[in-house]
file upload_13.txt (compact mmCIF, C-alpha atoms)
# COMPACT_ATOMS: atom_id res chain seq x y z
CA MET A 1 113.82 163.09 67.67
CA SER A 2 114.10 162.19 64.00
CA ALA A 3 114.13 158.51 63.08
CA PRO A 4 117.49 157.64 61.48
CA CYS A 5 117.07 155.45 58.43
CA ILE A 6 119.31 152.44 57.94
CA PRO A 7 119.23 151.33 54.29
CA PRO A 8 117.31 148.04 53.93
CA SER A 9 120.36 146.42 52.37
CA GLN A 10 122.33 147.15 55.55
CA LEU A 11 119.71 146.17 58.16
CA ALA A 12 121.00 142.63 58.73
CA GLN A 13 124.65 143.72 58.85
CA HIS A 14 123.96 146.63 61.18
CA THR A 15 121.82 144.50 63.49
CA HIS A 16 124.53 141.83 63.59
CA TRP A 17 127.04 144.54 64.57
CA LEU A 18 124.69 145.87 67.27
CA LYS A 19 124.29 142.42 68.82
CA ALA A 20 128.05 141.93 68.81
CA GLN A 21 128.43 145.25 70.66
CA ALA A 22 125.85 144.15 73.24
CA ARG A 23 127.73 140.91 73.85
CA GLU A 24 131.01 142.80 74.24
CA LEU A 25 129.28 144.82 76.95
CA GLY A 26 128.64 141.57 78.83
CA PHE A 27 125.13 140.54 77.81
CA GLU A 28 124.66 136.86 77.00
CA LEU A 29 121.30 137.33 75.30
CA VAL A 30 120.18 139.91 72.76
CA GLY A 31 116.87 140.00 70.91
CA ILE A 32 115.10 142.73 68.97
CA ALA A 33 111.37 143.24 68.47
CA PRO A 34 109.44 145.83 66.46
CA VAL A 35 107.66 148.34 68.69
CA ALA A 36 103.87 147.99 68.69
CA PRO A 37 101.07 147.85 71.27
CA SER A 38 102.10 145.49 74.06
CA PRO A 39 100.96 141.96 73.15
CA ASP A 40 100.19 140.89 76.71
CA HIS A 41 98.65 144.02 78.23
CA ALA A 42 95.07 142.74 78.47
CA ARG A 43 96.17 139.74 80.54
CA TYR A 44 98.29 142.00 82.76
CA GLN A 45 95.35 144.34 83.34
CA ARG A 46 93.18 141.40 84.40
CA TRP A 47 95.91 140.38 86.84
CA ILE A 48 95.92 143.86 88.35
CA GLU A 49 92.13 143.94 88.61
CA ALA A 50 92.16 140.59 90.44
CA GLY A 51 94.20 142.26 93.19
CA TYR A 52 97.21 139.99 92.75
CA GLY A 53 99.60 142.96 92.86
CA GLY A 54 99.01 143.47 96.57
CA GLU A 55 100.34 146.78 97.92
CA MET A 56 102.33 147.53 94.76
CA ALA A 57 99.97 150.33 93.76
CA TYR A 58 102.46 151.63 91.21
CA LEU A 59 101.72 148.59 89.03
CA ALA A 60 98.13 149.70 88.51
CA ARG A 61 99.14 153.34 88.24
CA HIS A 62 101.60 152.57 85.44
CA SER A 63 99.40 150.06 83.63
CA PRO A 64 98.14 152.50 80.96
CA LEU A 65 101.74 153.35 80.05
CA LYS A 66 102.52 149.66 79.61
CA ALA A 67 99.93 149.36 76.85
CA ASP A 68 102.34 150.80 74.26
CA PRO A 69 106.10 151.50 74.61
CA ARG A 70 105.74 154.54 72.34
CA GLN A 71 104.26 156.35 75.30
CA LEU A 72 107.80 156.27 76.73
CA LEU A 73 109.57 157.18 73.48
CA ALA A 74 107.25 158.49 70.78
CA THR A 75 109.71 157.79 67.95
CA ALA A 76 110.55 154.24 69.07
CA GLN A 77 110.59 151.67 66.29
CA SER A 78 112.71 148.94 67.89
CA MET A 79 113.00 147.39 71.34
CA ILE A 80 116.34 145.77 72.12
CA LEU A 81 116.05 143.20 74.93
CA VAL A 82 119.16 141.92 76.69
CA GLY A 83 119.75 139.15 79.21
CA LEU A 84 122.53 138.88 81.79
CA ASN A 85 123.09 135.52 83.50
CA TYR A 86 123.29 135.62 87.32
CA THR A 87 123.30 131.88 88.09
CA SER A 88 125.28 131.33 91.32
CA PRO A 89 124.92 127.85 92.81
CA VAL A 90 124.95 127.68 96.61
CA ALA A 91 126.10 124.52 98.38
CA ALA A 92 123.17 122.31 99.38
CA ASP A 93 124.30 122.11 103.01
CA LEU A 94 124.11 125.91 103.29
CA ARG A 95 120.72 126.03 101.60
CA GLN A 96 119.29 123.41 103.93
CA ASP A 97 120.70 124.79 107.19
CA PRO A 98 117.78 126.32 109.16
CA SER A 99 120.20 128.39 111.26
CA ARG A 100 121.13 130.43 108.19
CA GLY A 101 119.10 133.03 106.33
CA GLN A 102 118.57 132.56 102.62
CA ILE A 103 119.03 135.41 100.15
CA ALA A 104 117.77 134.99 96.58
CA GLY A 105 120.55 134.20 94.12
CA TYR A 106 120.09 137.37 92.10
CA ALA A 107 121.03 139.49 95.14
CA LEU A 108 124.24 137.68 96.12
CA GLY A 109 126.41 139.92 93.95
CA GLN A 110 126.31 143.60 93.07
CA ASP A 111 122.96 145.24 92.37
CA TYR A 112 122.29 144.64 88.70
CA HIS A 113 120.29 147.80 88.04
CA GLN A 114 123.18 150.24 87.67
CA LEU A 115 125.44 147.61 86.14
CA MET A 116 123.00 146.93 83.29
CA ARG A 117 121.86 150.52 82.98
CA LYS A 118 125.38 151.79 82.34
CA ALA A 119 125.98 149.09 79.75
CA LEU A 120 122.69 149.85 77.98
CA ILE A 121 123.45 153.57 77.94
CA ARG A 122 126.77 152.74 76.33
CA LEU A 123 125.00 150.54 73.77
CA ASP A 124 122.59 153.36 72.96
CA GLN A 125 125.52 155.74 72.45
CA GLN A 126 127.16 153.28 70.07
CA VAL A 127 123.95 152.82 68.07
CA ALA A 128 123.40 156.60 67.91
CA ALA A 129 126.98 157.19 66.75
CA SER A 130 126.59 154.59 64.01
CA THR A 131 123.42 156.17 62.58
CA GLY A 132 124.07 159.85 63.29
CA ARG A 133 121.19 160.09 65.76
CA LEU A 134 121.42 163.10 68.09
CA GLY A 135 118.82 162.23 70.73
CA ARG A 136 118.83 159.43 73.28
CA GLY A 137 116.99 156.14 73.34
CA ARG A 138 115.12 154.98 76.43
CA VAL A 139 116.91 152.54 78.74
CA PHE A 140 114.97 150.41 81.21
CA VAL A 141 116.03 147.92 83.88
CA ASP A 142 112.99 147.48 86.14
CA SER A 143 112.82 151.27 85.93
CA ALA A 144 110.12 151.96 83.34
CA PRO A 145 106.55 150.78 82.76
CA VAL A 146 107.40 148.03 80.29
CA LEU A 147 106.18 144.42 80.33
CA GLU A 148 109.73 143.12 80.00
CA ARG A 149 109.02 139.41 80.09
CA SER A 150 106.28 139.63 77.47
CA TRP A 151 108.56 141.67 75.24
CA GLY A 152 111.41 139.26 75.95
CA GLN A 153 109.28 136.46 74.51
CA GLN A 154 108.33 138.70 71.59
CA ALA A 155 112.06 139.21 70.88
CA GLY A 156 112.71 135.47 70.90
CA LEU A 157 114.59 135.33 74.22
CA GLY A 158 112.41 132.64 75.76
CA PHE A 159 108.91 131.47 76.64
CA ILE A 160 106.84 132.25 79.71
CA GLY A 161 106.83 129.26 82.05
CA LYS A 162 104.20 128.14 84.51
CA ASN A 163 106.13 129.98 87.24
CA THR A 164 105.65 133.21 85.19
CA CYS A 165 109.41 133.46 84.54
CA LEU A 166 110.88 134.00 81.08
CA ILE A 167 112.73 130.76 80.29
CA HIS A 168 115.54 130.57 77.74
CA PRO A 169 116.29 127.08 76.36
CA ARG A 170 120.00 127.40 77.30
CA LEU A 171 120.14 129.82 80.26
CA GLY A 172 116.92 128.75 81.95
CA SER A 173 115.27 131.56 83.92
CA THR A 174 118.12 132.84 86.09
CA PHE A 175 119.03 135.91 84.10
CA PHE A 176 118.34 139.63 84.43
CA LEU A 177 116.29 141.29 81.73
CA GLY A 178 116.70 144.85 80.53
CA GLY A 179 116.06 146.80 77.40
CA LEU A 180 116.50 149.81 75.16
CA LEU A 181 113.96 151.62 73.01
CA VAL A 182 115.46 153.25 69.92
CA PRO A 183 114.05 155.13 66.90
CA GLU A 184 116.09 153.07 64.43
CA ARG A 185 114.39 150.35 62.43
CA LEU A 186 116.40 147.13 62.77
CA ALA A 187 116.24 143.51 61.64
CA TYR A 188 113.88 141.75 64.05
CA ASP A 189 114.03 138.39 65.76
CA PRO A 190 110.98 136.16 65.38
CA PRO A 191 109.14 135.26 68.57
CA PRO A 192 108.85 131.55 69.36
CA ARG A 193 105.96 129.96 67.49
CA LEU A 194 103.19 128.32 69.49
CA LEU A 195 102.79 124.82 68.09
CA ALA A 196 99.33 123.42 67.63
CA ALA A 197 98.52 120.26 69.57
CA ALA A 198 95.72 117.78 69.22
CA PRO A 199 93.34 117.05 72.12
CA PRO A 200 93.83 116.17 74.91
CA LYS A 201 97.21 117.96 74.78
CA THR A 202 95.89 121.35 73.67
CA ALA A 203 96.58 122.81 77.13
CA LEU A 204 100.27 121.86 76.91
CA ARG A 205 101.97 124.87 75.38
CA ARG A 206 104.96 124.10 73.16
CA TRP A 207 107.03 126.89 71.66
CA GLN A 208 109.38 126.47 68.73
CA PHE A 209 112.26 128.93 68.41
CA SER A 210 113.84 130.08 65.15
CA ASN A 211 116.78 127.69 65.68
CA GLY A 212 114.42 124.74 66.03
CA HIS A 213 114.65 124.43 69.83
CA ILE A 214 111.42 123.61 71.64
CA GLY A 215 110.45 125.34 74.86
CA THR A 216 107.70 123.91 77.04
CA CYS A 217 106.71 123.16 80.60
CA GLY A 218 104.72 120.18 79.36
CA ARG A 219 102.94 118.42 82.19
CA CYS A 220 105.59 119.49 84.71
CA ARG A 221 104.21 121.33 87.74
CA ARG A 222 107.23 121.21 90.05
CA CYS A 223 107.19 124.98 90.57
CA LEU A 224 103.47 125.02 91.38
CA ASP A 225 103.75 122.19 93.89
CA ALA A 226 107.02 123.34 95.49
CA CYS A 227 105.97 126.91 96.28
CA PRO A 228 106.02 127.02 100.11
CA THR A 229 103.14 129.49 100.38
CA GLY A 230 101.04 128.23 97.47
CA ALA A 231 101.37 131.53 95.62
CA PHE A 232 100.46 130.07 92.23
CA VAL A 233 96.70 130.16 91.85
CA ALA A 234 97.02 128.42 88.47
CA PRO A 235 99.75 127.73 85.90
CA HIS A 236 101.16 131.04 84.62
CA GLN A 237 99.31 132.96 87.35
CA LEU A 238 101.00 134.22 90.52
CA ASP A 239 99.29 135.90 93.45
CA ALA A 240 102.06 138.22 94.61
CA ARG A 241 100.34 138.76 97.96
CA THR A 242 101.40 135.28 99.07
CA CYS A 243 104.76 135.11 97.27
CA ILE A 244 107.79 135.05 99.59
CA SER A 245 109.66 137.48 97.35
CA TYR A 246 106.82 139.98 97.71
CA LEU A 247 106.50 139.39 101.45
CA THR A 248 110.22 139.92 102.13
CA ILE A 249 110.86 142.77 99.69
CA GLU A 250 107.79 144.70 98.58
CA LEU A 251 105.46 144.38 101.56
CA LYS A 252 106.10 147.32 103.87
CA GLY A 253 104.08 146.31 106.90
CA GLU A 254 103.46 143.17 108.92
CA ILE A 255 103.71 139.78 107.27
CA PRO A 256 100.41 137.88 107.67
CA LEU A 257 100.59 135.43 110.56
CA ALA A 258 99.29 132.52 108.51
CA LEU A 259 102.12 132.83 105.97
CA ARG A 260 105.08 133.15 108.33
CA PRO A 261 105.62 129.44 109.10
CA ALA A 262 105.76 128.62 105.38
CA MET A 263 108.48 131.20 104.71
CA GLY A 264 111.18 129.03 106.22
CA ASN A 265 114.50 130.84 106.43
CA TRP A 266 114.17 133.14 103.42
CA VAL A 267 115.17 136.64 104.51
CA PHE A 268 115.27 138.29 101.07
CA GLY A 269 113.44 136.94 98.06
CA CYS A 270 112.92 133.29 97.20
CA ASP A 271 114.32 130.91 94.58
CA VAL A 272 112.21 127.80 95.16
CA CYS A 273 110.20 127.88 91.92
CA GLN A 274 113.42 128.33 89.95
CA GLN A 275 115.45 125.81 91.95
CA VAL A 276 113.05 123.00 91.06
CA CYS A 277 112.65 124.00 87.40
CA PRO A 278 114.23 121.41 85.06
CA TRP A 279 115.23 124.17 82.64
CA ASN A 280 117.69 125.50 85.25
CA ARG A 281 119.55 122.22 85.77
CA ARG A 282 122.13 123.08 83.12
CA SER A 283 122.26 126.85 83.51
CA PRO A 284 125.88 128.00 83.23
CA THR A 285 127.39 129.83 86.19
CA ALA A 286 127.48 133.60 85.89
CA SER A 287 130.74 134.86 84.44
CA HIS A 288 130.39 138.61 85.04
CA PRO A 289 132.89 139.50 87.80
CA ARG A 290 130.56 141.98 89.50
CA LEU A 291 127.81 139.39 89.81
CA GLN A 292 129.92 136.89 91.71
CA PRO A 293 128.42 136.09 95.14
CA ARG A 294 129.78 138.03 98.09
CA PRO A 295 130.84 135.49 100.76
CA ASP A 296 129.09 137.47 103.51
CA ARG A 297 125.80 137.28 101.63
CA ILE A 298 125.71 133.53 101.12
CA ALA A 299 123.43 131.98 103.73
CA PRO A 300 124.33 134.32 106.64
CA HIS A 301 123.87 133.07 110.20
CA LEU A 302 120.56 134.29 111.63
CA SER A 303 122.18 135.06 114.99
CA GLU A 304 124.68 137.33 113.25
CA HIS A 305 122.04 139.21 111.30
CA LEU A 306 119.76 139.65 114.28
CA ALA A 307 122.60 141.73 115.71
CA LEU A 308 122.87 144.05 112.67
CA SER A 309 122.40 147.71 113.54
CA GLU A 310 120.98 150.05 110.94
CA ALA A 311 124.51 151.27 110.17
CA ASP A 312 125.78 147.68 109.96
CA PHE A 313 122.99 146.82 107.54
CA ALA A 314 123.78 149.78 105.29
CA GLN A 315 127.46 148.89 105.23
CA ARG A 316 127.00 145.13 104.79
CA PHE A 317 124.64 145.53 101.84
CA GLN A 318 126.09 148.59 100.18
CA GLY A 319 125.53 148.29 96.43
CA SER A 320 123.15 145.36 96.95
CA ALA A 321 119.50 144.83 96.07
CA VAL A 322 119.04 143.60 99.66
CA ARG A 323 118.82 147.23 100.78
CA ARG A 324 115.41 147.62 99.12
CA PRO A 325 113.22 146.65 102.12
CA GLY A 326 115.38 148.77 104.43
CA TRP A 327 116.79 147.79 107.81
CA GLN A 328 113.41 147.42 109.48
CA GLY A 329 111.99 145.28 106.69
CA TYR A 330 115.08 143.10 106.59
CA LEU A 331 115.15 142.57 110.38
CA ARG A 332 111.43 141.77 110.24
CA ASN A 333 112.30 138.98 107.78
CA VAL A 334 115.19 137.75 109.92
CA CYS A 335 112.89 137.53 112.94
CA VAL A 336 110.45 135.36 110.97
CA ALA A 337 113.30 133.07 109.90
CA ALA A 338 114.48 132.95 113.51
CA GLY A 339 111.01 131.88 114.65
CA ASN A 340 110.97 129.14 112.04
CA TRP A 341 114.34 127.88 113.26
CA GLY A 342 113.17 128.06 116.87
CA ASP A 343 116.56 127.65 118.55
CA ALA A 344 116.67 128.80 122.18
CA SER A 345 120.05 130.48 121.64
CA LEU A 346 118.21 133.33 119.90
CA LEU A 347 116.33 134.31 123.09
CA PRO A 348 118.60 137.26 124.10
CA ALA A 349 118.68 138.82 120.63
CA LEU A 350 114.93 138.51 120.10
CA THR A 351 114.25 139.89 123.57
CA GLN A 352 116.36 142.94 122.79
CA HIS A 353 114.44 143.54 119.58
CA LEU A 354 111.16 143.17 121.45
CA TYR A 355 112.04 146.06 123.76
CA ASP A 356 114.43 148.23 121.78
CA SER A 357 113.52 148.00 118.09
CA PRO A 358 110.80 149.76 116.07
CA VAL A 359 107.35 148.20 116.35
CA LEU A 360 107.58 146.47 112.95
CA VAL A 361 110.66 144.53 114.07
CA ALA A 362 109.49 144.10 117.67
CA SER A 363 106.14 142.58 116.67
CA HIS A 364 107.86 139.93 114.55
CA ALA A 365 110.38 139.32 117.32
CA ALA A 366 107.40 138.60 119.60
CA TRP A 367 106.13 135.99 117.15
CA ALA A 368 109.59 134.42 116.97
CA LEU A 369 109.88 134.31 120.77
CA ALA A 370 106.63 132.36 120.96
CA ARG A 371 108.04 129.78 118.54
CA LEU A 372 111.30 129.08 120.34
CA ARG A 373 111.48 125.43 121.25
CA THR A 374 110.38 124.21 124.70
CA GLY A 375 108.50 127.50 125.19
CA VAL A 376 111.64 129.26 126.40
CA GLY A 377 110.50 132.60 124.97
CA ARG A 378 107.03 132.69 126.49
CA PRO A 379 108.02 134.02 129.93
CA THR A 380 109.59 137.00 128.18
CA LEU A 381 106.33 137.70 126.35
CA GLU A 382 104.29 137.35 129.55
CA THR A 383 106.58 139.83 131.28
CA ALA A 384 106.28 142.22 128.33
CA LEU A 385 102.51 142.37 128.81
CA THR A 386 103.05 143.81 132.31
CA ARG A 387 104.87 146.78 130.79
CA GLU A 388 103.57 149.75 128.87
CA LEU A 389 103.80 148.86 125.19
CA PRO A 390 102.61 150.55 122.00
CA ARG A 391 99.12 149.32 121.17
CA THR A 392 100.22 147.49 118.01
CA LEU A 393 103.05 145.74 119.84
CA HIS A 394 100.78 144.81 122.76
CA GLN A 395 98.42 143.20 120.28
CA ALA A 396 101.31 141.33 118.60
CA VAL A 397 102.53 139.96 121.95
CA THR A 398 99.00 138.85 122.85
CA GLN A 399 98.63 137.11 119.48
CA ALA A 400 102.02 135.44 119.90
CA LEU A 401 101.08 134.03 123.30
CA ALA A 402 97.87 132.65 121.79
CA LEU A 403 99.87 130.51 119.35
CA PRO A 404 100.07 126.82 120.24
CA PRO A 405 103.40 125.83 121.84
CA ILE A 406 106.01 124.36 119.48
call {"tool": "encode", "arguments": {"input": "upload_13.txt", "output": "structure tokens"}}
result
Amino acid sequence: MSAPCIPPSQLAQHTHWLKAQARELGFELVGIAPVAPSPDHARYQRWIEAGYGGEMAYLARHSPLKADPRQLLATAQSMILVGLNYTSPVAADLRQDPSRGQIAGYALGQDYHQLMRKALIRLDQQVAASTGRLGRGRVFVDSAPVLERSWGQQAGLGFIGKNTCLIHPRLGSTFFLGGLLVPERLAYDPPPRLLAAAPPKTALRRWQFSNGHIGTCGRCRRCLDACPTGAFVAPHQLDARTCISYLTIELKGEIPLALRPAMGNWVFGCDVCQQVCPWNRRSPTASHPRLQPRPDRIAPHLSEHLALSEADFAQRFQGSAVRRPGWQGYLRNVCVAAGNWGDASLLPALTQHLYDSPVLVASHAAWALARLRTGVGRPTLETALTRELPRTLHQAVTQALALPPI
């Protein structure tokens, strides 16, 4: 693909037009960075080598490609980064109700992947038409080996907070990030400038943006202290293996016993480190109509979702990111939340899963039965041991009965 040349005298005007087109397509944030070797790849590789990626083997497999975006588009000169706000406040009484499952805010509306991808494809078509380019750019929305957050900072869209999220001074961290690689040279946005600090404040990172705004976490460590599972091994460093989002979405097998009690009633993802972040206190509510929360996805009753068949699950979450772990993974999560609630009314539903569901669901149902208050679920587990069970499930029932009574 040839690299269309925009006359230097028209770079600023053309880039201004491009950003206006992106905003018309619904994106609140637009930043552009020159393509070069990824500025944060060495740190990312160390993170992979430390094992913090857990079972997400594709992260290590794709790491070499993330070293330079030109491996995805050889002619790329510019990376256009866009942000789409998804902030959807949920009433505190629903968030705090242990009888309800909690779904991360980004998944309450329509799945953002196709929504953003279509808009970015349209943006690429508009850019190509304006320069006479014949080939396509490269669109990515969690779909290509690109270090999006690092590039988002490079394009001036925010700074990386202690919770590893990209934080914009106005939108906070609750926005989707996507991008577009193009062969056109454009006018670039400056990244925020790291301000020097005198001892003993040298460890307190302060970033100054081109408009003068300052971005910093300062001495705040709310996200680090609030994480239910202690997934942050240090500021700016997350061990995905203990993160609730990883456990409920990316982990395919059994959730480690030691982590289950700390998961509370999260059944898909987790928002805790963003809920406590001061930068999100003033985040505006999402305006995109297709990102508005679906009423049946806001804090659903655990009893209702324990009864979801595989067909019910597919229908309920059609067009939703919640489908990613599949029915078995989702019911596994619901069983953990049910065990953390511990209400005796869940006995029949959990018993049915123990006997009739796949082993992944049944083993977590066994754990939940052992945690029902007043020990009401233990006779069911004792009876189950008198029956012929798959070896893995027999082991799960035995482990559940060994747990101390609630």
call {"tool": "closest_atom_pairs", "arguments": {"input": "upload_13.txt", "of": "range 115-230 of chain A", "to": "range 74-88 of chain A", "cutoff": "6 Å", "atoms": "all atoms listed in the file", "output": "tab-separated table"}}
result
residue	atom	partner	partner_atom	distance
A:Thr174	CA	A:Thr87	CA	5.6
A:Phe175	CA	A:Asn85	CA	4.1
A:Phe176	CA	A:Leu84	CA	5.0
A:Leu177	CA	A:Gly83	CA	4.8
A:Gly178	CA	A:Val82	CA	5.4
A:Gly179	CA	A:Leu81	CA	4.4
A:Leu180	CA	A:Ile80	CA	5.1
A:Leu181	CA	A:Met79	CA	4.6
A:Val182	CA	A:Ala76	CA	5.1
A:Pro183	CA	A:Ala76	CA	4.2
A:Glu184	CA	A:Gln77	CA	6.0
A:Arg185	CA	A:Gln77	CA	5.6
call {"tool": "closest_residue", "arguments": {"input": "upload_13.txt", "among": "A:Val30, A:Leu108, A:Val336, A:Ala42", "to": "Ile244 in chain A", "atoms": "all atoms listed in the file"}}
result
A:Val336
call {"tool": "atom_distance", "arguments": {"input": "upload_13.txt", "atom1": "CA of His62 in chain A", "atom2": "CA of Pro235 in chain A"}}
result
24.9 Å
call {"tool": "residues_near_point", "arguments": {"input": "upload_13.txt", "point": "(116.0, 125.6, 84.3)", "cutoff": "10 Å", "atoms": "all atoms listed in the file", "output": "ChimeraX atom specification"}}
result
/A:167-174,273-283
call {"tool": "atom_distance", "arguments": {"input": "upload_13.txt", "atom1": "CA of Leu224 in chain A", "atom2": "CA of Leu259 in chain A"}}
result
16.6 Å
call {"tool": "closest_residue", "arguments": {"input": "upload_13.txt", "among": "A:Leu94, A:Leu73, A:Leu251, A:Met116", "to": "Arg324 in chain A", "atoms": "all atoms listed in the file"}}
result
A:Leu251
call {"tool": "atom_distance", "arguments": {"input": "upload_13.txt", "atom1": "CA of Pro145 in chain A", "atom2": "CA of Leu65 in chain A"}}
result
6.1 Å
call {"tool": "residues_near_point", "arguments": {"input": "upload_13.txt", "point": "(112.7, 135.0, 120.1)", "cutoff": "9 Å", "atoms": "all atoms listed in the file", "output": "VMD selection string"}}
result
chain A and resid 335 338 to 339 342 to 351 353 to 354 364 to 372 376 to 378 380
call {"tool": "closest_residue", "arguments": {"input": "upload_13.txt", "among": "A:Leu204, A:Ala258, A:Leu308, A:Leu11", "to": "Gly230 in chain A", "atoms": "only C-alpha atoms"}}
result
A:Ala258
call {"tool": "residues_around", "arguments": {"input": "upload_13.txt", "residues": "Leu291 in chain A", "least_positions_apart": "2", "cutoff": "9 Å", "atoms": "all atoms listed in the file", "output": "ChimeraX atom specification"}}
result
/A:85-88,106-112,286-289,293-294
call {"tool": "residues_around", "arguments": {"input": "upload_13.txt", "residues": "range 123-125 of chain A", "least_positions_apart": "2", "cutoff": "9 Å", "atoms": "only C-alpha atoms", "output": "list in words"}}
result
Leu18, Gln21, Ala22, Leu25, Lys118, Ala119, Leu120, Ile121, Val127, Ala128, Ala129, Ser130, Arg136, Gly137, Arg138, Val139, Leu180, Leu181 and Val182 of chain A
call {"tool": "closest_residue", "arguments": {"input": "upload_13.txt", "among": "A:Val334, A:Val322, A:Val141, A:Leu186", "to": "Glu304 in chain A", "atoms": "all atoms listed in the file"}}
result
A:Val334
call {"tool": "closest_residue", "arguments": {"input": "upload_13.txt", "among": "A:Glu250, A:Glu24, A:Asp93, A:Asp296", "to": "Leu59 in chain A", "atoms": "all atoms listed in the file"}}
result
A:Glu250
call {"tool": "residues_around", "arguments": {"input": "upload_13.txt", "residues": "Glu310 in chain A", "least_positions_apart": "4", "cutoff": "9 Å", "atoms": "only C-alpha atoms", "output": "JSON, numbers by chain"}}
result
{"A": [314, 315, 326, 327, 328]}
call {"tool": "closest_residue", "arguments": {"input": "upload_13.txt", "among": "A:Asn163, A:Ser210, A:Gln10, A:Ser309", "to": "Cys243 in chain A", "atoms": "all atoms listed in the file"}}
result
A:Asn163
call {"tool": "build_atoms", "arguments": {"input": "upload_13.txt", "residues": "range 84-98 of chain A", "atoms": "N, CA and C atoms", "output": "PDB file, in the frame of the given file"}}
result
ATOM      1  N   LEU A  84     121.248 139.014  81.108  1.00  0.00           N
ATOM      2  CA  LEU A  84     122.530 138.880  81.790  1.00  0.00           C
ATOM      3  C   LEU A  84     122.413 137.767  82.829  1.00  0.00           C
ATOM      4  N   ASN A  85     123.156 136.701  82.636  1.00  0.00           N
ATOM      5  CA  ASN A  85     123.090 135.520  83.500  1.00  0.00           C
ATOM      6  C   ASN A  85     123.601 135.839  84.909  1.00  0.00           C
ATOM      7  N   TYR A  86     122.836 135.422  85.929  1.00  0.00           N
ATOM      8  CA  TYR A  86     123.290 135.620  87.320  1.00  0.00           C
ATOM      9  C   TYR A  86     123.377 134.298  88.091  1.00  0.00           C
ATOM     10  N   THR A  87     123.317 133.167  87.416  1.00  0.00           N
ATOM     11  CA  THR A  87     123.300 131.880  88.090  1.00  0.00           C
ATOM     12  C   THR A  87     124.497 131.721  89.030  1.00  0.00           C
ATOM     13  N   SER A  88     124.221 131.490  90.316  1.00  0.00           N
ATOM     14  CA  SER A  88     125.280 131.330  91.320  1.00  0.00           C
ATOM     15  C   SER A  88     124.893 130.198  92.261  1.00  0.00           C
ATOM     16  N   PRO A  89     125.290 128.981  91.958  1.00  0.00           N
ATOM     17  CA  PRO A  89     124.920 127.850  92.810  1.00  0.00           C
ATOM     18  C   PRO A  89     125.424 128.023  94.241  1.00  0.00           C
ATOM     19  N   VAL A  90     124.587 127.655  95.186  1.00  0.00           N
ATOM     20  CA  VAL A  90     124.950 127.680  96.610  1.00  0.00           C
ATOM     21  C   VAL A  90     124.949 126.246  97.117  1.00  0.00           C
ATOM     22  N   ALA A  91     125.966 125.888  97.878  1.00  0.00           N
ATOM     23  CA  ALA A  91     126.100 124.520  98.380  1.00  0.00           C
ATOM     24  C   ALA A  91     124.828 124.079  99.095  1.00  0.00           C
ATOM     25  N   ALA A  92     124.427 122.830  98.840  1.00  0.00           N
ATOM     26  CA  ALA A  92     123.170 122.310  99.380  1.00  0.00           C
ATOM     27  C   ALA A  92     123.146 122.356 100.910  1.00  0.00           C
ATOM     28  N   ASP A  93     124.303 122.115 101.552  1.00  0.00           N
ATOM     29  CA  ASP A  93     124.300 122.110 103.010  1.00  0.00           C
ATOM     30  C   ASP A  93     124.015 123.500 103.578  1.00  0.00           C
ATOM     31  N   LEU A  94     124.412 124.550 102.844  1.00  0.00           N
ATOM     32  CA  LEU A  94     124.110 125.910 103.290  1.00  0.00           C
ATOM     33  C   LEU A  94     122.647 126.242 103.036  1.00  0.00           C
ATOM     34  N   ARG A  95     122.116 125.777 101.917  1.00  0.00           N
ATOM     35  CA  ARG A  95     120.720 126.030 101.600  1.00  0.00           C
ATOM     36  C   ARG A  95     119.779 125.351 102.594  1.00  0.00           C
ATOM     37  N   GLN A  96     120.176 124.206 103.087  1.00  0.00           N
ATOM     38  CA  GLN A  96     119.290 123.410 103.930  1.00  0.00           C
ATOM     39  C   GLN A  96     119.495 123.643 105.421  1.00  0.00           C
ATOM     40  N   ASP A  97     120.405 124.524 105.785  1.00  0.00           N
ATOM     41  CA  ASP A  97     120.700 124.790 107.190  1.00  0.00           C
ATOM     42  C   ASP A  97     119.695 125.799 107.742  1.00  0.00           C
ATOM     43  N   PRO A  98     118.809 125.400 108.650  1.00  0.00           N
ATOM     44  CA  PRO A  98     117.780 126.320 109.160  1.00  0.00           C
ATOM     45  C   PRO A  98     118.326 127.435 110.030  1.00  0.00           C
TER      46      PRO A  98
END
